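Trainee: Below is the file run.txt, with compact mmCIF, C-alpha atoms and all ligand atoms.
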# COMPACT_ATOMS: atom_id res chain seq x y z
CA MET A 8 14.61 -90.28 -157.62
CA LYS A 9 13.73 -89.37 -154.02
CA ARG A 10 16.78 -88.59 -151.89
CA THR A 11 17.28 -87.69 -148.25
CA LYS A 12 19.29 -84.60 -147.24
CA LEU A 13 22.10 -86.87 -146.13
CA GLU A 14 22.23 -88.50 -149.56
CA TRP A 15 22.32 -85.10 -151.27
CA LEU A 16 25.13 -84.04 -148.96
CA PHE A 17 27.00 -87.23 -149.88
CA ILE A 18 26.48 -86.56 -153.60
CA PHE A 19 27.72 -82.97 -153.28
CA ILE A 20 30.91 -84.30 -151.73
CA PHE A 21 31.24 -87.58 -153.67
CA THR A 22 30.75 -86.42 -157.27
CA PRO A 23 33.06 -83.36 -157.27
CA GLY A 24 35.42 -85.22 -154.92
CA ILE A 25 35.80 -88.14 -157.36
CA ILE A 26 36.31 -85.77 -160.30
CA ALA A 27 38.95 -83.75 -158.39
CA PHE A 28 40.67 -86.90 -157.16
CA TYR A 29 40.92 -88.43 -160.63
CA ALA A 30 41.99 -85.10 -162.14
CA ILE A 31 44.89 -84.76 -159.69
CA TYR A 32 45.74 -88.45 -160.08
CA LYS A 33 45.77 -88.31 -163.89
CA TYR A 34 47.13 -84.78 -164.39
CA PRO A 35 49.09 -83.82 -161.25
CA GLU A 36 51.35 -81.33 -163.02
CA LEU A 37 48.47 -79.61 -164.78
CA ILE A 38 46.43 -79.21 -161.59
CA LEU A 39 49.14 -78.67 -158.98
CA GLY A 40 51.87 -77.18 -161.13
CA LEU A 41 55.23 -78.40 -162.39
CA GLY A 42 57.73 -79.79 -159.94
CA VAL A 43 55.26 -80.17 -157.04
CA ASP A 44 56.04 -83.27 -155.02
CA THR A 45 52.76 -85.20 -154.97
CA ARG A 46 54.01 -87.97 -152.72
CA ILE A 47 52.28 -88.44 -149.38
CA PHE A 48 54.26 -90.23 -146.64
CA GLY A 49 56.78 -91.14 -149.34
CA LYS A 50 54.22 -92.89 -151.56
CA ASN A 51 53.01 -91.61 -154.91
CA LEU A 52 49.37 -90.86 -155.80
CA SER A 53 48.76 -94.14 -157.59
CA PHE A 54 49.59 -95.99 -154.36
CA TRP A 55 47.10 -93.90 -152.37
CA TYR A 56 44.48 -94.17 -155.07
CA ALA A 57 44.77 -97.99 -155.02
CA PHE A 58 44.83 -97.96 -151.21
CA ILE A 59 41.57 -95.97 -150.82
CA TYR A 60 39.87 -97.89 -153.65
CA THR A 61 40.82 -101.25 -152.12
CA ALA A 62 39.78 -100.11 -148.64
CA VAL A 63 36.29 -99.17 -149.88
CA VAL A 64 35.81 -102.41 -151.87
CA CYS A 65 37.17 -104.73 -149.18
CA THR A 66 35.28 -103.03 -146.33
CA ILE A 67 31.92 -103.37 -148.10
CA ALA A 68 32.67 -106.93 -149.29
CA ALA A 69 33.69 -107.97 -145.76
CA LYS A 70 30.56 -106.34 -144.33
CA VAL A 71 28.34 -108.26 -146.78
CA LEU A 72 30.05 -111.55 -145.84
CA ILE A 73 29.92 -110.93 -142.08
CA ARG A 74 26.30 -109.71 -142.18
CA ASN A 75 25.39 -112.87 -144.14
CA LYS A 76 22.00 -111.54 -145.35
CA ASN A 77 20.67 -111.47 -148.91
CA SER A 78 22.35 -108.30 -150.15
CA TYR A 79 20.02 -107.83 -153.15
CA SER A 80 16.71 -107.84 -151.31
CA PHE A 81 14.85 -104.50 -151.47
CA LYS A 82 13.21 -105.19 -148.10
CA ALA A 83 14.41 -103.21 -145.07
CA ASN A 84 14.37 -106.24 -142.77
CA VAL A 85 16.06 -109.02 -144.70
CA VAL A 86 15.70 -112.49 -143.26
CA GLN A 87 17.15 -114.66 -146.03
CA PRO A 88 20.83 -115.54 -145.69
CA LEU A 89 23.40 -114.63 -148.32
CA SER A 90 23.27 -117.26 -151.06
CA PRO A 91 26.25 -119.60 -151.56
CA TYR A 92 26.82 -117.97 -154.98
CA GLN A 93 27.05 -114.48 -153.47
CA LYS A 94 29.32 -115.78 -150.69
CA LYS A 95 31.76 -117.08 -153.31
CA LYS A 96 31.45 -113.91 -155.37
CA PHE A 97 32.08 -111.46 -152.52
CA THR A 98 34.96 -113.61 -151.23
CA SER A 99 36.48 -113.48 -154.70
CA ILE A 100 35.99 -109.70 -154.86
CA PHE A 101 37.66 -109.25 -151.45
CA MET A 102 40.65 -111.47 -152.23
CA VAL A 103 41.26 -110.40 -155.83
CA GLN A 104 41.04 -106.71 -154.97
CA LEU A 105 43.32 -107.01 -151.94
CA VAL A 106 45.92 -109.39 -153.36
CA GLY A 107 45.69 -108.92 -157.14
CA PHE A 108 45.08 -105.19 -157.36
CA PHE A 109 46.88 -103.92 -154.27
CA LEU A 110 49.40 -106.21 -152.56
CA ILE A 111 50.99 -107.64 -155.74
CA PRO A 112 51.40 -104.40 -157.73
CA TYR A 113 52.07 -101.96 -154.89
CA VAL A 114 53.72 -103.95 -152.12
CA ILE A 115 55.29 -107.16 -153.46
CA SER A 116 56.15 -106.14 -157.00
CA PRO A 117 58.40 -103.15 -156.18
CA LEU A 118 60.62 -105.50 -154.15
CA PHE A 119 61.54 -107.46 -157.30
CA ALA A 120 61.44 -104.72 -159.96
CA GLY A 121 63.66 -105.38 -162.99
CA LYS A 122 64.70 -108.85 -161.77
CA SER A 123 62.98 -110.97 -164.38
CA PHE A 124 61.02 -110.64 -167.62
CA TRP A 125 57.92 -112.39 -166.28
CA HIS A 126 58.00 -110.45 -163.09
CA ASP A 127 57.93 -107.18 -165.02
CA GLU A 128 55.12 -108.56 -167.16
CA LEU A 129 53.12 -109.34 -164.03
CA ALA A 130 53.74 -105.88 -162.59
CA TYR A 131 52.64 -104.29 -165.87
CA ALA A 132 49.52 -106.42 -166.04
CA SER A 133 48.41 -105.87 -162.47
CA LYS A 134 49.08 -102.13 -162.43
CA GLY A 135 47.94 -101.24 -165.94
CA ALA A 136 44.40 -100.69 -167.08
CA HIS A 137 43.68 -104.25 -168.19
CA VAL A 138 40.32 -103.41 -169.73
CA TYR A 139 41.55 -101.28 -172.63
CA LEU A 140 42.66 -104.15 -174.91
CA TYR A 141 45.56 -102.22 -176.50
CA PRO A 142 48.00 -103.48 -173.78
CA GLY A 143 47.48 -106.90 -175.40
CA PHE A 144 49.40 -105.57 -178.42
CA LYS A 145 52.29 -104.36 -176.25
CA SER A 146 53.04 -107.25 -173.92
CA TRP A 147 53.13 -111.06 -174.31
CA GLY A 148 51.63 -111.59 -170.88
CA MET A 149 48.74 -109.26 -171.59
CA ALA A 150 48.19 -110.81 -175.03
CA ILE A 151 47.83 -114.29 -173.50
CA TYR A 152 45.63 -112.94 -170.74
CA LEU A 153 43.31 -110.86 -172.93
CA PHE A 154 43.09 -112.97 -176.07
CA VAL A 155 43.36 -116.53 -174.70
CA VAL A 156 42.48 -116.68 -170.99
CA ILE A 157 39.56 -114.23 -171.16
CA PRO A 158 37.71 -115.84 -174.14
CA LEU A 159 38.18 -119.29 -172.58
CA GLY A 160 36.76 -117.97 -169.31
CA VAL A 161 33.84 -116.41 -171.19
CA TRP A 162 33.05 -119.71 -172.87
CA PHE A 163 32.79 -121.48 -169.52
CA PHE A 164 31.58 -118.76 -167.18
CA GLY A 165 30.19 -115.92 -169.28
CA LYS A 166 31.19 -112.40 -168.26
CA ARG A 167 31.54 -113.29 -164.59
CA TYR A 168 34.99 -111.73 -164.85
CA CYS A 169 33.08 -108.44 -164.52
CA SER A 170 31.32 -109.35 -161.30
CA TRP A 171 33.93 -111.56 -159.61
CA ILE A 172 37.36 -110.27 -160.61
CA CYS A 173 37.73 -106.95 -162.46
CA SER A 174 38.78 -104.05 -160.28
CA CYS A 175 36.22 -101.66 -161.83
CA GLY A 176 33.54 -104.30 -161.38
CA ASN A 177 34.60 -104.87 -157.77
CA LEU A 178 33.70 -101.27 -156.93
CA ALA A 179 30.44 -101.45 -158.89
CA GLU A 180 29.41 -104.74 -157.22
CA THR A 181 30.16 -103.59 -153.69
CA VAL A 182 28.66 -100.09 -153.98
CA GLY A 183 25.69 -101.66 -155.78
CA VAL A 184 24.61 -103.60 -152.68
CA THR A 185 24.71 -100.67 -150.25
CA VAL A 186 21.37 -99.03 -149.41
CA TRP A 187 21.94 -96.04 -151.70
CA GLY A 188 23.70 -98.13 -154.33
CA LYS A 189 20.69 -100.44 -154.68
CA LYS A 190 18.45 -97.41 -155.19
CA TRP A 191 20.83 -95.92 -157.78
CA VAL A 192 20.82 -99.22 -159.67
CA LYS A 193 17.06 -99.60 -159.45
CA GLU A 194 16.05 -96.05 -160.34
CA GLY A 195 19.03 -94.65 -162.22
CA THR A 196 20.09 -97.46 -164.58
CA PRO A 197 19.03 -96.66 -168.16
CA ARG A 198 16.59 -99.32 -169.40
CA GLY A 199 14.47 -100.00 -172.43
CA GLU A 200 14.91 -99.99 -176.19
CA ARG A 201 16.51 -96.56 -176.42
CA ALA A 202 19.08 -97.34 -173.73
CA ASN A 203 19.97 -100.59 -175.52
CA LYS A 204 20.35 -98.87 -178.87
CA ASN A 205 23.23 -96.83 -177.42
CA HIS A 206 25.38 -99.95 -177.06
CA TRP A 207 27.04 -98.90 -180.35
CA ILE A 208 29.09 -96.46 -178.23
CA GLN A 209 30.93 -99.41 -176.71
CA LEU A 210 31.65 -100.89 -180.14
CA THR A 211 33.23 -97.56 -181.10
CA VAL A 212 35.40 -97.52 -177.97
CA MET A 213 36.50 -101.12 -178.66
CA SER A 214 37.35 -100.31 -182.29
CA PHE A 215 39.44 -97.34 -181.12
CA ALA A 216 41.27 -99.62 -178.64
CA ILE A 217 42.07 -102.23 -181.31
CA LEU A 218 43.20 -99.57 -183.77
CA PHE A 219 45.46 -98.07 -181.12
CA GLY A 220 46.81 -101.54 -180.32
CA LEU A 221 47.64 -102.17 -183.99
CA VAL A 222 49.46 -98.83 -184.26
CA LEU A 223 51.52 -99.80 -181.20
CA LEU A 224 52.25 -103.24 -182.62
CA PHE A 225 53.32 -101.96 -186.05
CA ASP A 226 55.46 -99.31 -184.41
CA SER A 227 57.24 -101.88 -182.22
CA MET A 228 57.79 -104.08 -185.31
CA LYS A 229 59.30 -101.02 -187.07
CA VAL A 230 56.73 -101.36 -189.86
CA ILE A 231 55.83 -97.74 -189.19
CA ALA A 232 57.53 -95.11 -187.04
CA VAL A 233 54.86 -92.93 -185.51
CA THR A 234 56.01 -91.97 -182.03
CA GLY A 235 54.35 -88.54 -182.25
CA ILE A 236 51.02 -90.05 -183.34
CA ILE A 237 51.19 -92.65 -180.58
CA LEU A 238 51.64 -89.92 -177.97
CA LYS A 239 48.62 -88.08 -179.39
CA ILE A 240 46.42 -91.21 -179.41
CA GLN A 241 47.56 -92.01 -175.88
CA ALA A 242 46.60 -88.48 -174.80
CA ILE A 243 43.12 -88.88 -176.38
CA GLN A 244 42.77 -92.29 -174.71
CA ASP A 245 43.80 -90.84 -171.32
CA LEU A 246 41.51 -87.84 -171.50
CA CYS A 247 38.40 -89.09 -173.31
CA VAL A 248 38.23 -92.78 -172.49
CA ASP A 249 40.03 -93.16 -169.18
CA PHE A 250 39.32 -89.85 -167.46
CA MET A 251 36.04 -88.50 -168.87
CA PHE A 252 34.25 -91.77 -169.63
CA GLY A 253 35.76 -94.32 -167.25
CA SER A 254 36.22 -92.07 -164.22
CA VAL A 255 33.88 -89.07 -164.41
CA ILE A 256 30.86 -90.72 -166.09
CA GLY A 257 31.75 -94.24 -164.96
CA VAL A 258 32.21 -93.61 -161.24
CA ALA A 259 31.25 -90.04 -160.29
CA ALA A 260 27.84 -90.56 -161.93
CA TYR A 261 26.96 -93.69 -159.89
CA PRO A 262 24.24 -91.77 -157.99
CA PHE A 263 22.57 -90.69 -161.26
CA TRP A 264 22.89 -93.58 -163.73
CA GLY A 265 23.68 -96.58 -161.54
CA THR A 266 26.96 -98.40 -161.18
CA ARG A 267 27.53 -99.89 -164.63
CA ILE A 268 27.46 -97.06 -167.19
CA TRP A 269 31.11 -97.55 -168.09
CA CYS A 270 30.74 -101.34 -168.16
CA ARG A 271 27.73 -101.13 -170.41
CA TYR A 272 28.66 -98.36 -172.82
CA GLY A 273 32.40 -97.82 -172.47
CA CYS A 274 34.59 -100.77 -171.53
CA PRO A 275 36.28 -102.26 -174.65
CA LEU A 276 36.98 -105.53 -172.85
CA ALA A 277 33.28 -105.96 -172.08
CA LYS A 278 32.39 -105.67 -175.76
CA PHE A 279 35.19 -108.09 -176.63
CA MET A 280 33.87 -110.58 -174.06
CA GLU A 281 30.32 -110.17 -175.30
CA LEU A 282 31.42 -110.87 -178.89
CA SER A 283 33.63 -113.80 -177.81
CA GLY A 284 30.68 -115.25 -175.91
CA ARG A 285 28.35 -114.81 -178.86
CA TYR A 286 30.63 -116.31 -181.50
CA THR A 287 32.03 -119.14 -179.37
CA LYS A 288 28.51 -119.98 -178.18
CA SER A 289 29.31 -119.49 -174.50
CA LYS A 290 27.71 -122.01 -172.19
CA PHE A 291 26.63 -119.26 -169.79
CA GLN A 292 22.87 -118.83 -169.37
CA VAL A 293 20.29 -117.60 -166.87
CA ALA A 294 17.03 -119.57 -167.02
CA ALA A 295 13.55 -118.93 -165.65
CA ASN A 296 11.28 -121.68 -164.35
CA GLU A 297 7.54 -122.09 -163.86
CA LYS A 298 7.55 -120.26 -160.50
CA CYS A 299 7.62 -116.74 -162.00
CA THR A 300 4.67 -114.61 -160.91
CA GLY A 301 5.63 -111.53 -162.88
CA ILE A 302 6.57 -109.12 -160.08
CA GLY A 303 9.47 -107.68 -162.08
CA LEU A 304 11.95 -107.18 -159.23
CA CYS A 305 14.61 -108.97 -161.29
CA THR A 306 14.59 -106.23 -163.93
CA GLN A 307 14.85 -103.52 -161.26
CA ALA A 308 17.86 -105.23 -159.65
CA CYS A 309 19.87 -105.61 -162.84
CA PRO A 310 22.76 -103.12 -162.96
CA MET A 311 23.21 -103.79 -166.70
CA GLY A 312 19.69 -102.62 -167.55
CA ILE A 313 18.55 -106.04 -168.82
CA ASP A 314 14.80 -106.62 -168.86
CA VAL A 315 15.13 -109.95 -167.07
CA ALA A 316 11.40 -110.27 -166.46
CA SER A 317 10.72 -110.31 -170.21
CA PHE A 318 12.47 -113.71 -170.35
CA ALA A 319 10.48 -115.02 -167.39
CA HIS A 320 6.84 -114.15 -168.05
CA VAL A 321 4.26 -112.65 -170.41
CA ASN A 322 1.31 -111.03 -168.67
CA LYS A 323 2.39 -112.69 -165.42
CA LYS A 324 2.29 -116.15 -167.03
CA PRO A 325 5.64 -117.97 -166.79
CA THR A 326 7.37 -118.55 -170.13
CA MET A 327 10.46 -120.37 -168.81
CA GLY A 328 12.74 -118.48 -171.17
CA SER A 329 16.49 -118.09 -170.84
CA PHE A 330 19.19 -115.67 -171.90
CA GLY A 331 22.94 -115.55 -172.31
CA LEU A 332 25.60 -113.59 -174.13
CA HIS A 333 23.94 -114.11 -177.52
CA ASN A 334 21.12 -111.76 -176.57
CA THR A 335 22.14 -109.73 -173.50
CA VAL A 336 25.11 -108.01 -171.83
CA CYS A 337 24.71 -110.07 -168.62
CA ILE A 338 27.71 -110.10 -166.28
CA GLY A 339 26.52 -113.01 -164.15
CA CYS A 340 26.30 -110.96 -160.94
CA GLY A 341 23.32 -113.02 -159.76
CA GLY A 342 21.39 -109.98 -158.50
CA CYS A 343 18.24 -110.90 -160.43
CA ILE A 344 18.38 -114.44 -159.05
CA ASP A 345 18.78 -113.36 -155.44
CA VAL A 346 16.14 -110.62 -155.55
CA CYS A 347 13.44 -112.94 -156.94
CA PRO A 348 11.11 -113.91 -154.07
CA THR A 349 9.76 -117.01 -155.83
CA LYS A 350 13.15 -118.46 -156.81
CA ALA A 351 12.13 -118.41 -160.44
CA LEU A 352 15.62 -117.77 -161.82
CA SER A 353 18.88 -119.71 -161.79
CA PHE A 354 22.15 -120.06 -163.67
CA LYS A 355 22.20 -123.00 -166.05
CA SER A 356 25.10 -125.21 -165.06
CA ILE A 357 27.33 -126.62 -167.77
CA SER A 358 28.42 -129.54 -165.63
CA LYS A 359 28.13 -130.56 -162.01
CA SER A 360 31.82 -130.00 -161.39
CA LEU A 361 31.63 -126.42 -162.70
CA GLU A 362 28.32 -125.54 -161.10
CA LEU A 363 28.15 -121.84 -160.21
S1 LIG B 401 32.79 -104.26 -168.13
FE1 LIG B 401 34.98 -103.84 -168.23
S2 LIG B 401 35.36 -102.41 -166.55
FE2 LIG B 401 33.35 -103.30 -166.21
S3 LIG B 401 33.77 -104.98 -164.89
FE3 LIG B 401 33.79 -105.82 -166.95
S4 LIG B 401 35.91 -105.77 -167.61
FE4 LIG B 401 35.72 -104.46 -165.79
S1 LIG B 402 11.61 -113.90 -162.22
FE1 LIG B 402 11.10 -113.48 -160.08
S2 LIG B 402 11.45 -111.28 -159.81
FE2 LIG B 402 11.42 -111.67 -162.01
S3 LIG B 402 9.32 -111.30 -162.63
FE3 LIG B 402 9.44 -113.48 -162.18
S4 LIG B 402 8.89 -113.67 -160.03
FE4 LIG B 402 9.35 -111.50 -160.39
S1 LIG B 403 20.64 -110.33 -165.76
FE1 LIG B 403 20.90 -110.90 -163.60
S2 LIG B 403 22.91 -111.90 -163.49
FE2 LIG B 403 22.83 -110.76 -165.43
S3 LIG B 403 23.69 -108.77 -164.99
FE3 LIG B 403 21.49 -108.55 -164.71
S4 LIG B 403 21.16 -108.95 -162.53
FE4 LIG B 403 23.21 -109.68 -163.02
Give the structure from this file in structure tokens form.
Mentor:
Amino acid sequence: MKRTKLEWLFIFIFTPGIIAFYAIYKYPELILGLGVDTRIFGKNLSFWYAFIYTAVVCTIAAKVLIRNKNSYSFKANVVQPLSPYQKKKFTSIFMVQLVGFFLIPYVISPLFAGKSFWHDELAYASKGAHVYLYPGFKSWGMAIYLFVVIPLGVWFFGKRYCSWICSCGNLAETVGVTVWGKKWVKEGTPRGERANKNHWIQLTVMSFAILFGLVLLFDSMKVIAVTGIILKIQAIQDLCVDFMFGSVIGVAAYPFWGTRIWCRYGCPLAKFMELSGRYTKSKFQVAANEKCTGIGLCTQACPMGIDVASFAHVNKKPTMGSFGLHNTVCIGCGGCIDVCPTKALSFKSISKSLEL
């Protein structure tokens, strides 16, 4: 991948900076020593982490909306306006990140702490890592959210949760439409048969999450008493899944492997959504029409490494194929649709009233 000096300088600051930031955030006592007050202006590190994260996501999302130009085009001088789909998506990203992942958990929630069961459930859900599945075995609210609301959403809308709502996805979507981000997605994203074969890693992470959830459930039901084991599993989860995979590989490696390594190979919720979509026969689909000329930009724009063009043409002859959750890991970001110069791709709508 060709990089300018400025980009290299950014990488030398960004990658170690992200690793150091997450390390201090996750293990403050180990890095800074016992008893060190890590609060800044009276706020703890998780507040500042959420603040910076939200500032980055919302600034880029707002810029995309104000600029109002096709954010997926590879051309330097873009003339097409932002599509209605992307307008809705980036508005959702802006609002959900600001309200759902910052204002509710860090500003509004502390004002009502301990005042009601459902309020505490909401605080837990909005602050906790909602993608790990095991919280669904610890809290009623999370169980309803993860095992009822999410599969229903997948049936109607596919994995758009990943490109419209999820906090991790919000960062990936916004960084992915910056000038460098587009290049990282295009040139860094693992593609091809070998890259797809490694999807078993995500199945392993999901199995670990469900096993952990069951241990937590049985422990809370007093079927087994394994507090020591739970602490050990939690420590493995924190170090291997959350820190090393989700943070170091998942975010610090954006410039090398694109923006969706964690989403594609790590996230347990993504695998759960993919399986829910497959077995419930999700209505979500992307379809190609007769306008495909075989340029292949759609494949290059896909952050999930899907060979979109293979569904659209064979030897530059349109095949009018389609794909969904039964055969891909598509997150419905719409990048392939917006980058296509001939408008050969679109989402299949399941009804006029739910057209997206
Ligand atoms: S794959 Fe997981 S982490 Fe990534 S956006 Fe989807 S739910 Fe979030
Ligand atoms: S769908 Fe569009 S971008 Fe993809 S190969 Fe066909 S013409 Fe090119
Ligand atoms: S196939 Fe298209 S809509 Fe699906 S993830 Fe890739 S770019 Fe996004």
Trainee: Given all atoms listed in the file as the basis, pick out the residue of A:Ala295, A:Met327, A:Ile243, A:Ala260 nearest to A:Phe19.
Mentor: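 Under the stated criterion, the closest residue is A:Ala260.
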Trainee: So which one's closest to A:Leu352, A:His333, A:Ile338, A:Val85, A:Cys299? Using only C-alpha atoms, please.
Mentor: A:Cys299
Trainee: Using only C-alpha atoms and all ligand atoms, I'd like a table of the residues in chain A that come within 9 Å of ligand LIG 401 (chain B); for each, show the closest atom pair and its distance in Å rounded to one decimal, ordered by chain and ascending number, as JSON lines.
Mentor:
{"residue": "A:His137", "atom": "CA", "partner": "B:LIG401", "partner_atom": "S4", "distance": 7.9}
{"residue": "A:Val138", "atom": "CA", "partner": "B:LIG401", "partner_atom": "S4", "distance": 5.4}
{"residue": "A:Tyr139", "atom": "CA", "partner": "B:LIG401", "partner_atom": "FE1", "distance": 8.3}
{"residue": "A:Lys166", "atom": "CA", "partner": "B:LIG401", "partner_atom": "FE3", "distance": 7.2}
{"residue": "A:Arg167", "atom": "CA", "partner": "B:LIG401", "partner_atom": "FE3", "distance": 8.2}
{"residue": "A:Tyr168", "atom": "CA", "partner": "B:LIG401", "partner_atom": "FE3", "distance": 6.4}
{"residue": "A:Cys169", "atom": "CA", "partner": "B:LIG401", "partner_atom": "S3", "distance": 3.5}
{"residue": "A:Ser170", "atom": "CA", "partner": "B:LIG401", "partner_atom": "S3", "distance": 6.2}
{"residue": "A:Trp171", "atom": "CA", "partner": "B:LIG401", "partner_atom": "S3", "distance": 8.4}
{"residue": "A:Ile172", "atom": "CA", "partner": "B:LIG401", "partner_atom": "S3", "distance": 7.7}
{"residue": "A:Cys173", "atom": "CA", "partner": "B:LIG401", "partner_atom": "FE4", "distance": 4.6}
{"residue": "A:Ser174", "atom": "CA", "partner": "B:LIG401", "partner_atom": "FE4", "distance": 6.3}
{"residue": "A:Cys175", "atom": "CA", "partner": "B:LIG401", "partner_atom": "S2", "distance": 4.9}
{"residue": "A:Gly176", "atom": "CA", "partner": "B:LIG401", "partner_atom": "S3", "distance": 3.6}
{"residue": "A:Asn177", "atom": "CA", "partner": "B:LIG401", "partner_atom": "S3", "distance": 7.2}
{"residue": "A:Leu178", "atom": "CA", "partner": "B:LIG401", "partner_atom": "S3", "distance": 8.8}
{"residue": "A:Ala179", "atom": "CA", "partner": "B:LIG401", "partner_atom": "S3", "distance": 7.7}
{"residue": "A:Glu180", "atom": "CA", "partner": "B:LIG401", "partner_atom": "S3", "distance": 8.8}
{"residue": "A:Gly253", "atom": "CA", "partner": "B:LIG401", "partner_atom": "S2", "distance": 8.1}
{"residue": "A:Arg267", "atom": "CA", "partner": "B:LIG401", "partner_atom": "FE2", "distance": 6.9}
{"residue": "A:Ile268", "atom": "CA", "partner": "B:LIG401", "partner_atom": "FE2", "distance": 8.6}
{"residue": "A:Trp269", "atom": "CA", "partner": "B:LIG401", "partner_atom": "FE2", "distance": 6.5}
{"residue": "A:Cys270", "atom": "CA", "partner": "B:LIG401", "partner_atom": "S1", "distance": 3.6}
{"residue": "A:Arg271", "atom": "CA", "partner": "B:LIG401", "partner_atom": "S1", "distance": 6.4}
{"residue": "A:Tyr272", "atom": "CA", "partner": "B:LIG401", "partner_atom": "S1", "distance": 8.6}
{"residue": "A:Gly273", "atom": "CA", "partner": "B:LIG401", "partner_atom": "S1", "distance": 7.8}
{"residue": "A:Cys274", "atom": "CA", "partner": "B:LIG401", "partner_atom": "FE1", "distance": 4.5}
{"residue": "A:Pro275", "atom": "CA", "partner": "B:LIG401", "partner_atom": "FE1", "distance": 6.7}
{"residue": "A:Leu276", "atom": "CA", "partner": "B:LIG401", "partner_atom": "FE1", "distance": 5.3}
{"residue": "A:Ala277", "atom": "CA", "partner": "B:LIG401", "partner_atom": "S1", "distance": 4.3}
{"residue": "A:Lys278", "atom": "CA", "partner": "B:LIG401", "partner_atom": "S1", "distance": 7.8}
{"residue": "A:Met280", "atom": "CA", "partner": "B:LIG401", "partner_atom": "S4", "distance": 8.3}
{"residue": "A:Ile338", "atom": "CA", "partner": "B:LIG401", "partner_atom": "FE3", "distance": 7.5}
Trainee: Ligand LIG 402 (chain B): which residues are within 6 Å, counting all atoms listed in the file? Reply as a list in words.
Mentor: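 Checking all atoms listed in the file against ligand LIG 402 (chain B) at 6 Å gives Cys299, Thr300, Gly301, Ile302, Gly303, Leu304, Cys305, Ala316, Ala319, Cys347, Thr349, Ala351 and Leu352 of chain A.
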Trainee: Those same residues, written as an mmCIF file, in the frame of the given file with C-alpha atoms?
Mentor:
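Result file follows (selection_35.cif):
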data_model
loop_
_atom_site.group_PDB
_atom_site.id
_atom_site.type_symbol
_atom_site.label_atom_id
_atom_site.label_comp_id
_atom_site.auth_asym_id
_atom_site.auth_seq_id
_atom_site.Cartn_x
_atom_site.Cartn_y
_atom_site.Cartn_z
ATOM 1 C CA CYS A 299 7.620 -116.740 -162.000
ATOM 2 C CA THR A 300 4.670 -114.610 -160.910
ATOM 3 C CA GLY A 301 5.630 -111.530 -162.880
ATOM 4 C CA ILE A 302 6.570 -109.120 -160.080
ATOM 5 C CA GLY A 303 9.470 -107.680 -162.080
ATOM 6 C CA LEU A 304 11.950 -107.180 -159.230
ATOM 7 C CA CYS A 305 14.610 -108.970 -161.290
ATOM 8 C CA ALA A 316 11.400 -110.270 -166.460
ATOM 9 C CA ALA A 319 10.480 -115.020 -167.390
ATOM 10 C CA CYS A 347 13.440 -112.940 -156.940
ATOM 11 C CA THR A 349 9.760 -117.010 -155.830
ATOM 12 C CA ALA A 351 12.130 -118.410 -160.440
ATOM 13 C CA LEU A 352 15.620 -117.770 -161.820
#
Trainee: Residues within 8 Å of stretch 306-312 of chain A, please, as a list in words. Count all atoms listed in the file; anything in the same chain fewer than 6 positions from it doesn't count.
Mentor: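 Counting only the stated atoms, we get Tyr79, Gly183, Lys189, Val192, Lys193, Glu194, Thr196, Pro197, Arg198, Gly199, Gly265, Thr266, Arg267, Ile268, Arg271, Val336, Cys337, Ile338, Gly342, Cys343 and Val346 of chain A.
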Trainee: As an exercise, work out the distance from atom CA of A:Ile344 to atom S2 of ligand LIG 403 (chain B) in Å and give it to one decimal place.
Mentor: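 Pair atom CA of A:Ile344 / atom S2 of ligand LIG 403 (chain B) returns 6.8 Å.
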Trainee: Select, from A:Phe54, A:Met251, A:Gly40, A:Asn205, the residue with the minimum atom-to-atom distance to A:Ile111, counting all atoms listed in the file.
Mentor: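 Result for the nearest residue to A:Ile111: A:Phe54.
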Trainee: For atom CA of A:Lys70 and atom S3 of ligand LIG 403 (chain B), determine how far apart the two atoms are, in Å to one decimal place.
Mentor: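 That distance, rounded to one decimal, is 21.9 Å.
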Trainee: As JSON, numbers by chain, please: the residues near A:Leu110 (cut-off 12 Å, only C-alpha atoms, same-chain neighbours under 5 positions excluded).
Mentor: {"A": [54, 57, 58, 61, 102, 103, 104, 105, 115, 116, 117, 118, 130, 133, 134]}
Trainee: For the atom pair atom CA of A:Trp191 and atom CA of A:Pro262, what is the interatomic distance in Å to one decimal place?
Mentor: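 Taking atom CA of A:Trp191 and atom CA of A:Pro262, their separation equals 5.4 Å.
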Trainee: With distances taken over only C-alpha atoms, which residue among A:Pro112, A:Gly220, A:Pro348, A:Gly49 lies nearest A:Val86?
Mentor: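 Result for the nearest residue to A:Val86: A:Pro348.
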